[in-house]
Structure formats: structure tokens, C-alpha cells
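Q: Could you have a look at this structure, given as C-alpha cells, before my questions?
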Amino acid sequence: MKMNNYYLELFEGRKNIIILPHILPDGDTIGSSIALFYALKKLEKRVYIILNDKLPSNLKFLNANSKIITTEDFEKLSIKPDLIITVDSSDTDRLGDRAYLLDLCSEVLNIDHHSTNTNYGKYNLVNSKAAACGEIIYELLKKLKIYIDKNIATALYVALSTDTGSFKYSNTTPLTLRIAADLIEKGIDFSFINTELYQNKPINKIKLLSDVLNSLELHFDGKLAVIYVTNDMLKKNKIDISDTDGIIEYARDIEGVNIAVLLKEFSDNTIKVSLRSKYDFDVSIIAKKFGGGGHKKAAGCTIYDTIDNAKNILLNTFRENFR
Ligand code: AMP
Ligand code: MN
Ligand code: MN
């Protein structure tokens with residue numbers, strides 16, 4: 001869908017707007033949602049970011065919790081939304097237990113950058129060339145002529161930086177860097193932001209890492225690496241699953257490894273799978289086979305089985321698709 005004044009009209013006359021980030025939130029979905037929150041407040045909208053999940057601890061500095069309410073809080077308000085915006089969610093499963101909110105209002109704006117997006121919105125602002133949803137929202141705010149202040153710029157920078165691995169993944173384009181440059185020109189403290197995002201890990205996360213690295217297995221002549229995060233490891237190290245972002249990079253970054261698989265035990269028989277590819281292999285194809293999705297080099301899905309079975313099922317699938 002092309003962006004034009006049509007978007008101005010989309011927001012016109014709508015007072016109550018719900019923003020829905022995806023479950024197990026990351027920097028893109030939260031940064032993008034916060035940026036939208038500030039921007040829509042400037043248009044004098046009543047804005048509600050609704051999420052029941054814990055945020056990763058490295059996003060604390062965004063003060064997102066003060067802007068997020070749970071479904072329970074929202075229900076108490078008895079508000080009828082005029083527009084629902086989903087952010088960074090390729091399908092409605094990514095809304096988890098909040099998917100029912102879509103029944104409150106058919107006016108759904110789906111803002112996303114996954115090539116696997118199912119275009120479930122009434123309005124679909126989906127661009128798989130965008131490195132992050134933050135990029136799409138930056139352009140939307142420009143079209144809406146909303147001034148990007150320091151708060152908005154900080155949130156958008158978080159979105160761009162986290163989804164591009166600090167601007168090093170292949171999804172980073174000249175436009176991504178131009179937008180980042182513009183955000184820096186807004187006076188954001190990008191050195192502080194980077195310290196908060198990447199140099200501030202809870203000690204327990206580092207301790208967990210040591211257990212996770214012990215689970216490392218290499219397959220297919222060292223081309224595929226598998227690591228696990230079990231419930232026991234989380235309990236032992238007193239760390240929440242929301243703080244396991246980035247761990248897969250240790251498996252991906254091994255010399256000779258093309259594909260990394262991280263299996264996280266979300267609960268009994270519910271395994272959240274993260275897939276990463278270093279070169280040409282499209283891991284979103286594998287994720288899709290299990291009802292998930294994502295991008296060519298970063299995708300995910302959920303397998304309802306034990307960790308061991310999930311691993312074997314995945315290895316068999318990779319075996320069939322691996323060259
Ligand atoms: P993650 O491994 O959770 O960091 O996710 C990597 C990429 O795959 C992100 O872009 C996610 O939005 C996407 N993704 C992860 N899990 C799923 C899923 N179950 N369904 C669709 N997309 C997913
Ligand atoms: Mn995301
Ligand atoms: Mn994203």
C-alpha cells in the first residue's frame with residue numbers, strides 16, 4: 001500500500017487508538033510502538049499500548065512500562081477503539097492472548113516488515129524491504145507531518161538498531177542509515193542508548209549463557225549449530241525468558257556455522273524456536289513449515305513437543321532442505 005494523504009484521513013476522526021506490539025517483545029516492536037504512542041499523542045489521540053508480557057530488561061530506559069497497559073487494565077476502561085494498530089506482527093498469532101481485541105474493531109492497521117506477513121489488516125502497511133518497523137513508522141510520521149522529537153527519535157533508533165544488530169545485518173540499507181543519521185541529528189544520545197541496549201546485561205544472563213553454551217551441538221559437518229535454553233536453566237539462573245534475546249548470536253557467530261537454532265523451553269511441551277542464517281539459506285521457509293515466519297536470515301516458530309523431539313524434527317527438516 002502506498003503512503004499518501006490517505007494516512008492523514010485514516011487517523012482523522014478517530015480518537016481511541018490501540019497499539020499492539022507482538023508477544024515476547026523485542027526492541028523493534030517496543031521502540032516502534034512507543035514512537036507511535038508519542039506521535040499519536042501529538043495528534044491528541046487517546047492511545048493505549050496493550051501488552052501482557054514482560055519487557056526485555058535492556059529496554060528499561062525507554063520507560064515503556066509507564067505507557068503500556070494489560071488487557072485487564074484496558075477492559076476496566078470500557079473503551080471502544082476506533083483503530084487498532086499492530087506492530088511487527090506477521091500474523092495474528094503473534095498477538096497471543098490479545099488477538100481477541102481485533103474483534104472489538106474491524107479497523108485494523110497492520111504495520112510490519114516481515115515477508116511472511118499475511119496481510120490480515122483492513123489496512124496493510126507492510127514493507128519487507130524495511131530493516132525494522134521503525135523505518136516504516138519514521139516514513140509514516142513524515143507523511144503525517146508529525147515532528148520527530150527527541151523521545152520519538154530515541155524510540156525509533158532503538159527499533160532500527162536492535163533489528164539490524166547495530167546496523168550490521170544485511171537488512172541494513174542506505175535508507176536505514178540515512179534514517180539513523182536523521183534520528184541522531186534530532187539530538188538523541190546514541191552512545192547512552194547503545195550502552196543501555198548492549199552493555200548492561202544482568203549478571204544472571206551471563207551466567208545463563210554459560211549453561212546455554214554447554215548445550216551446544218554441531219551438525220552437518222559443523223554447518224548447523226543448536227543450543228537450548230531449558231526451564232531449569234532459567235530457574236537456576238533466576239532469569240526470565242524475556243531476557244534471552246541475543247543468545248543465539250553466539251551459535252551463529254561460530255566459524256563454519258551457516259545456520260543457528262535456539263530452542264527455548266517456554267513451558268512444558270511449548271518450544272519457542274529461533275533460527276538464524278549467515279549466508280543464503282532462507283530460514284523463514286523452515287519456520288513457515290511449523291506455522292511461524294520471519295525474515296530470510298532471522299525467523300522463528302513454536303513447536304509443541306519436548307526440546308529433544310523439537311530438535312530432532314528440526315534436524316530432519318533441515319536435512320531435507322540442506323545443500
Ligand atoms: P526471534 O528468533 O524470536 O528473535 O525472531 C526472529 C524473527 O522471526 C523475528 O522477525 C520474529 O518476528 C519472527 N518470528 C519469531 N517467531 C515467530 C512466529 N512464531 N511466527 C512468525 N514470526 C516469528
Ligand atoms: Mn520483532
Ligand atoms: Mn522487526
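Going by the C-alpha cells order, chains are called A, B, ..., each with residues numbered from 1, while ligands are numbered from 1 in the order shown.
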Around ligand 3, at most 6 Å away and counting only C-alpha atoms and all ligand atoms, which residues are there? Put them as a count of residues only, please.
A: 5
Q: Residues contacting ligand 1 - anything with an atom at most 10 Å away, using only C-alpha atoms and all ligand atoms - can you give me those as a ChimeraX atom specification?
A: /A:22-26,28-29,88-96,112-117,131-132,163,244-248,261-264,272-276,283-284,287-288,290-303
Q: For Ile152 (chain A), please output as a PyMOL selection string all residues within 8 Å (counting only C-alpha atoms; exclusion window: fewer than 3 positions along the same chain).
A: chain A and resi 34-36+38-39+148-149+155-156
Q: From the DSSP assignment of the backbone, select every residue of region 94-297 of chain A that is strand (DSSP E or B), and format the answer as a PyMOL selection string.
A: chain A and resi 108-112+123-126+217-219+224-229+259-267+270-277+293-294
Q: Keeping only N, CA, C and O atoms, take the residues you just selected and write them out as a compact mmCIF listing (two decimals), in the first residue's frame.
A:
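Output (result28.txt):
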```
# COMPACT_ATOMS: atom_id res chain seq x y z
N VAL A 108 -8.35 -2.22 11.34
CA VAL A 108 -7.04 -2.69 11.80
C VAL A 108 -5.96 -2.24 10.80
O VAL A 108 -6.06 -2.51 9.60
N LEU A 109 -4.97 -1.54 11.34
CA LEU A 109 -3.81 -1.14 10.52
C LEU A 109 -2.64 -2.04 10.91
O LEU A 109 -2.18 -2.02 12.05
N ASN A 110 -2.19 -2.83 9.96
CA ASN A 110 -1.13 -3.81 10.18
C ASN A 110 0.19 -3.19 9.66
O ASN A 110 0.37 -3.04 8.47
N ILE A 111 1.06 -2.81 10.60
CA ILE A 111 2.34 -2.21 10.20
C ILE A 111 3.42 -3.25 10.43
O ILE A 111 3.66 -3.69 11.55
N ASP A 112 4.08 -3.69 9.35
CA ASP A 112 5.04 -4.78 9.51
C ASP A 112 6.08 -4.79 8.38
O ASP A 112 5.90 -4.17 7.33
N TYR A 123 -6.18 -2.39 6.68
CA TYR A 123 -5.13 -1.57 6.04
C TYR A 123 -3.81 -2.25 6.33
O TYR A 123 -3.53 -2.59 7.48
N ASN A 124 -3.01 -2.48 5.30
CA ASN A 124 -1.75 -3.20 5.49
C ASN A 124 -0.58 -2.35 5.03
O ASN A 124 -0.41 -2.13 3.84
N LEU A 125 0.18 -1.85 5.99
CA LEU A 125 1.36 -1.07 5.68
C LEU A 125 2.55 -1.99 5.89
O LEU A 125 3.18 -1.99 6.95
N VAL A 126 2.79 -2.83 4.89
CA VAL A 126 3.79 -3.89 5.02
C VAL A 126 4.87 -3.67 3.97
O VAL A 126 4.59 -3.55 2.79
N GLU A 217 25.54 -28.04 20.22
CA GLU A 217 25.80 -29.22 19.37
C GLU A 217 26.02 -28.71 17.95
O GLU A 217 25.34 -27.80 17.52
N LEU A 218 26.97 -29.36 17.25
CA LEU A 218 27.17 -29.01 15.84
C LEU A 218 26.70 -30.19 14.99
O LEU A 218 26.92 -31.35 15.34
N HIS A 219 26.03 -29.87 13.89
CA HIS A 219 25.53 -30.91 12.97
C HIS A 219 25.93 -30.56 11.54
O HIS A 219 26.32 -29.42 11.28
N LEU A 224 25.60 -26.44 11.02
CA LEU A 224 24.41 -26.06 11.78
C LEU A 224 24.69 -26.21 13.29
O LEU A 224 25.17 -27.25 13.72
N ALA A 225 24.43 -25.16 14.03
CA ALA A 225 24.65 -25.19 15.48
C ALA A 225 23.31 -25.14 16.19
O ALA A 225 22.41 -24.39 15.79
N VAL A 226 23.17 -25.97 17.24
CA VAL A 226 21.94 -25.96 18.05
C VAL A 226 22.32 -25.65 19.49
O VAL A 226 23.28 -26.21 20.02
N ILE A 227 21.57 -24.74 20.11
CA ILE A 227 21.70 -24.53 21.56
C ILE A 227 20.30 -24.52 22.19
O ILE A 227 19.31 -24.32 21.50
N TYR A 228 20.26 -24.75 23.50
CA TYR A 228 18.98 -24.80 24.23
C TYR A 228 18.96 -23.82 25.37
O TYR A 228 19.98 -23.60 26.00
N VAL A 229 17.75 -23.36 25.70
CA VAL A 229 17.50 -22.73 27.00
C VAL A 229 16.38 -23.53 27.63
O VAL A 229 15.25 -23.50 27.14
N ILE A 259 23.93 -21.97 9.87
CA ILE A 259 22.59 -21.86 10.45
C ILE A 259 22.68 -22.10 11.95
O ILE A 259 23.34 -23.04 12.41
N ALA A 260 21.99 -21.24 12.71
CA ALA A 260 21.93 -21.44 14.16
C ALA A 260 20.49 -21.66 14.58
O ALA A 260 19.57 -21.02 14.05
N VAL A 261 20.31 -22.58 15.51
CA VAL A 261 18.98 -22.90 16.03
C VAL A 261 19.03 -22.73 17.55
O VAL A 261 19.93 -23.27 18.19
N LEU A 262 18.09 -21.97 18.09
CA LEU A 262 17.97 -21.87 19.55
C LEU A 262 16.60 -22.39 19.95
O LEU A 262 15.58 -21.94 19.41
N LEU A 263 16.59 -23.36 20.86
CA LEU A 263 15.32 -23.92 21.34
C LEU A 263 15.10 -23.40 22.75
O LEU A 263 15.94 -23.63 23.63
N LYS A 264 14.01 -22.68 22.95
CA LYS A 264 13.72 -22.16 24.29
C LYS A 264 12.49 -22.85 24.83
O LYS A 264 11.43 -22.83 24.19
N GLU A 265 12.64 -23.41 26.04
CA GLU A 265 11.50 -24.09 26.66
C GLU A 265 10.61 -23.03 27.30
O GLU A 265 10.93 -22.50 28.36
N PHE A 266 9.55 -22.71 26.60
CA PHE A 266 8.64 -21.65 27.04
C PHE A 266 7.79 -22.17 28.21
O PHE A 266 7.61 -21.53 29.22
N SER A 267 7.25 -23.37 28.02
CA SER A 267 6.61 -24.11 29.10
C SER A 267 6.68 -25.57 28.66
O SER A 267 7.24 -25.86 27.61
N THR A 270 6.11 -26.68 25.01
CA THR A 270 5.99 -25.49 24.14
C THR A 270 7.39 -24.93 23.95
O THR A 270 7.97 -24.34 24.87
N ILE A 271 7.93 -25.18 22.77
CA ILE A 271 9.31 -24.78 22.50
C ILE A 271 9.33 -23.64 21.48
O ILE A 271 8.86 -23.78 20.35
N LYS A 272 9.85 -22.51 21.91
CA LYS A 272 9.98 -21.36 21.01
C LYS A 272 11.31 -21.53 20.28
O LYS A 272 12.36 -21.65 20.90
N VAL A 273 11.22 -21.58 18.96
CA VAL A 273 12.41 -21.83 18.15
C VAL A 273 12.86 -20.54 17.47
O VAL A 273 12.06 -19.82 16.86
N SER A 274 14.14 -20.23 17.60
CA SER A 274 14.72 -19.10 16.85
C SER A 274 15.69 -19.67 15.82
O SER A 274 16.47 -20.57 16.14
N LEU A 275 15.63 -19.13 14.62
CA LEU A 275 16.51 -19.59 13.55
C LEU A 275 17.29 -18.41 12.98
O LEU A 275 16.72 -17.33 12.79
N ARG A 276 18.56 -18.60 12.73
CA ARG A 276 19.38 -17.56 12.11
C ARG A 276 20.20 -18.18 10.99
O ARG A 276 20.68 -19.31 11.12
N SER A 277 20.39 -17.40 9.92
CA SER A 277 21.20 -17.87 8.81
C SER A 277 22.28 -16.83 8.55
O SER A 277 22.07 -15.63 8.73
N GLY A 293 7.23 -17.79 11.08
CA GLY A 293 7.57 -16.89 9.97
C GLY A 293 8.80 -16.10 10.30
O GLY A 293 9.56 -16.48 11.19
N GLY A 294 8.97 -14.98 9.61
CA GLY A 294 10.12 -14.13 9.88
C GLY A 294 10.77 -13.64 8.61
O GLY A 294 10.11 -13.44 7.59
```
Q: With a distance cut-off of 10 Å and only C-alpha atoms, select the neighbouring residues of Leu102 (chain A), excluding the residue or stretch itself and same-chain residues fewer than 4 positions from it, and output the selection as a PyMOL selection string.
A: chain A and resi 18+20+81+83-86+92+95+98+106-108+121
Q: Suppose we keep N, CA, C and O atoms; can you now write the selection as a CSV table (one decimal), in the first residue's frame?
A:
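out.csv, written as the output of this step:
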```csv
chain,number,residue,atom,x,y,z
A,18,ILE,N,-5.7,1.8,19.7
A,18,ILE,CA,-4.9,0.7,20.4
A,18,ILE,C,-3.7,0.4,19.6
A,18,ILE,O,-3.8,0.3,18.4
A,20,LEU,N,-0.8,-2.6,19.3
A,20,LEU,CA,-0.4,-3.9,19.8
A,20,LEU,C,1.0,-4.4,19.3
A,20,LEU,O,1.1,-4.7,18.1
A,81,PRO,N,-12.4,1.0,20.8
A,81,PRO,CA,-11.3,1.5,20.0
A,81,PRO,C,-11.9,1.9,18.6
A,81,PRO,O,-12.8,1.3,18.1
A,83,LEU,N,-9.5,2.5,16.2
A,83,LEU,CA,-8.5,2.0,15.3
A,83,LEU,C,-7.5,1.1,16.1
A,83,LEU,O,-7.2,1.5,17.2
A,84,ILE,N,-7.1,0.0,15.5
A,84,ILE,CA,-6.2,-0.9,16.2
A,84,ILE,C,-4.9,-1.0,15.3
A,84,ILE,O,-5.1,-1.3,14.1
A,85,ILE,N,-3.8,-0.7,15.8
A,85,ILE,CA,-2.6,-0.8,15.0
A,85,ILE,C,-1.7,-1.9,15.6
A,85,ILE,O,-1.3,-2.0,16.7
A,86,THR,N,-1.4,-2.9,14.7
A,86,THR,CA,-0.5,-4.0,15.1
A,86,THR,C,0.9,-3.6,14.6
A,86,THR,O,1.0,-3.1,13.5
A,92,THR,N,-1.7,-12.9,13.1
A,92,THR,CA,-2.4,-12.6,14.3
A,92,THR,C,-2.0,-13.5,15.5
A,92,THR,O,-2.3,-13.1,16.7
A,95,LEU,N,0.0,-12.0,18.2
A,95,LEU,CA,-0.7,-11.1,19.3
A,95,LEU,C,-1.0,-12.0,20.5
A,95,LEU,O,-1.4,-11.4,21.6
A,98,ARG,N,-4.0,-11.6,23.1
A,98,ARG,CA,-4.7,-10.3,22.8
A,98,ARG,C,-5.4,-10.3,21.5
A,98,ARG,O,-6.0,-9.3,21.1
A,106,SER,N,-13.1,-3.5,13.5
A,106,SER,CA,-12.5,-4.1,12.2
A,106,SER,C,-11.5,-3.2,11.6
A,106,SER,O,-10.9,-3.6,10.6
A,107,GLU,N,-11.4,-2.0,12.1
A,107,GLU,CA,-10.4,-1.0,11.5
A,107,GLU,C,-9.0,-1.4,12.1
A,107,GLU,O,-8.6,-0.9,13.1
A,108,VAL,N,-8.3,-2.2,11.3
A,108,VAL,CA,-7.0,-2.7,11.8
A,108,VAL,C,-6.0,-2.2,10.8
A,108,VAL,O,-6.1,-2.5,9.6
A,121,GLY,N,-4.8,-7.2,8.1
A,121,GLY,CA,-5.4,-5.9,8.5
A,121,GLY,C,-6.4,-5.5,7.4
A,121,GLY,O,-6.4,-6.0,6.3
```
Q: Can you tell me, as a PyMOL selection string, what residues are no more than 12 Å from Leu144 (chain A) when counting only C-alpha atoms, ignoring any on the same chain fewer than 3 positions away?
A: chain A and resi 3-12+36+39-40+42-43+137-141+147-148
Q: Would you list the contacts of Glu44 (chain A) as a ChimeraX atom specification, taking every protein, DNA or RNA residue within 12 Å and counting only C-alpha atoms, but skipping same-chain residues closer than 6 positions in sequence?
A: /A:11-17,37-38,146
Q: Take the residues from that selection and put them in a file with N, CA and C atoms, as a CSV table (one decimal), in the first residue's frame.
A:
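So the final result, stored in selection25.csv, reads:
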```csv
chain,number,residue,atom,x,y,z
A,11,PHE,N,-6.3,8.6,10.2
A,11,PHE,CA,-6.3,9.0,11.6
A,11,PHE,C,-7.3,10.0,12.0
A,12,GLU,N,-7.9,10.6,10.9
A,12,GLU,CA,-8.9,11.7,11.2
A,12,GLU,C,-10.1,11.1,11.8
A,13,GLY,N,-10.7,11.9,12.8
A,13,GLY,CA,-11.9,11.5,13.4
A,13,GLY,C,-11.8,10.2,14.2
A,14,ARG,N,-10.7,9.7,14.5
A,14,ARG,CA,-10.5,8.5,15.3
A,14,ARG,C,-9.8,9.0,16.6
A,15,LYS,N,-10.5,8.7,17.7
A,15,LYS,CA,-10.0,9.2,19.0
A,15,LYS,C,-9.2,8.2,19.8
A,16,ASN,N,-9.8,7.0,19.9
A,16,ASN,CA,-9.3,5.9,20.7
A,16,ASN,C,-8.5,4.9,19.9
A,17,ILE,N,-7.2,4.9,20.1
A,17,ILE,CA,-6.3,4.1,19.2
A,17,ILE,C,-5.5,3.1,20.1
A,37,PHE,N,3.1,5.9,19.9
A,37,PHE,CA,2.4,6.4,21.0
A,37,PHE,C,2.7,7.9,21.2
A,38,TYR,N,3.9,8.3,21.2
A,38,TYR,CA,4.3,9.8,21.3
A,38,TYR,C,3.7,10.6,20.2
A,146,ILE,N,4.3,14.9,11.3
A,146,ILE,CA,4.4,14.9,12.8
A,146,ILE,C,5.9,15.1,13.1
```
Q: Measuring atom to atom with only C-alpha atoms, identify which of A:Ala180, A:Leu59, A:Leu51, A:Leu101 is nearest to Thr195 (chain A).
A: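 Among A:Ala180, A:Leu59, A:Leu51, A:Leu101, it is A:Leu59 that comes nearest to Thr195 (chain A).
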Q: Write out as a list in words which residues come within 8 Å of Phe74 (chain A) when counting only C-alpha atoms, dropping same-chain ones fewer than 5 positions away.
A: Ile50, Ile69 and Ile79 of chain A
Q: Restricted to C-alpha atoms, what would the selected residues look like written as a compact mmCIF listing (two decimals), in the first residue's frame?
A:
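File again-v5.txt, as written:
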```txt
# COMPACT_ATOMS: atom_id res chain seq x y z
CA ILE A 50 -1.72 -3.14 25.27
CA ILE A 69 -1.36 -1.42 29.96
CA ILE A 79 -13.37 1.90 25.78
```
Q: Between A:Asn237, A:Thr154, A:Thr70, A:Thr164, which one has atoms that come closest to ligand 2, using only C-alpha atoms and all ligand atoms?
A: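 Using only C-alpha atoms and all ligand atoms, the shortest distance to ligand 2 belongs to A:Thr164.
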Q: Hey, which of A:Thr306, A:Thr162, A:Arg46, A:Tyr100 ends up closest to ligand 2? Count only C-alpha atoms and all ligand atoms.
A: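 Ranking A:Thr306, A:Thr162, A:Arg46, A:Tyr100 by distance to ligand 2, first place goes to A:Thr162.
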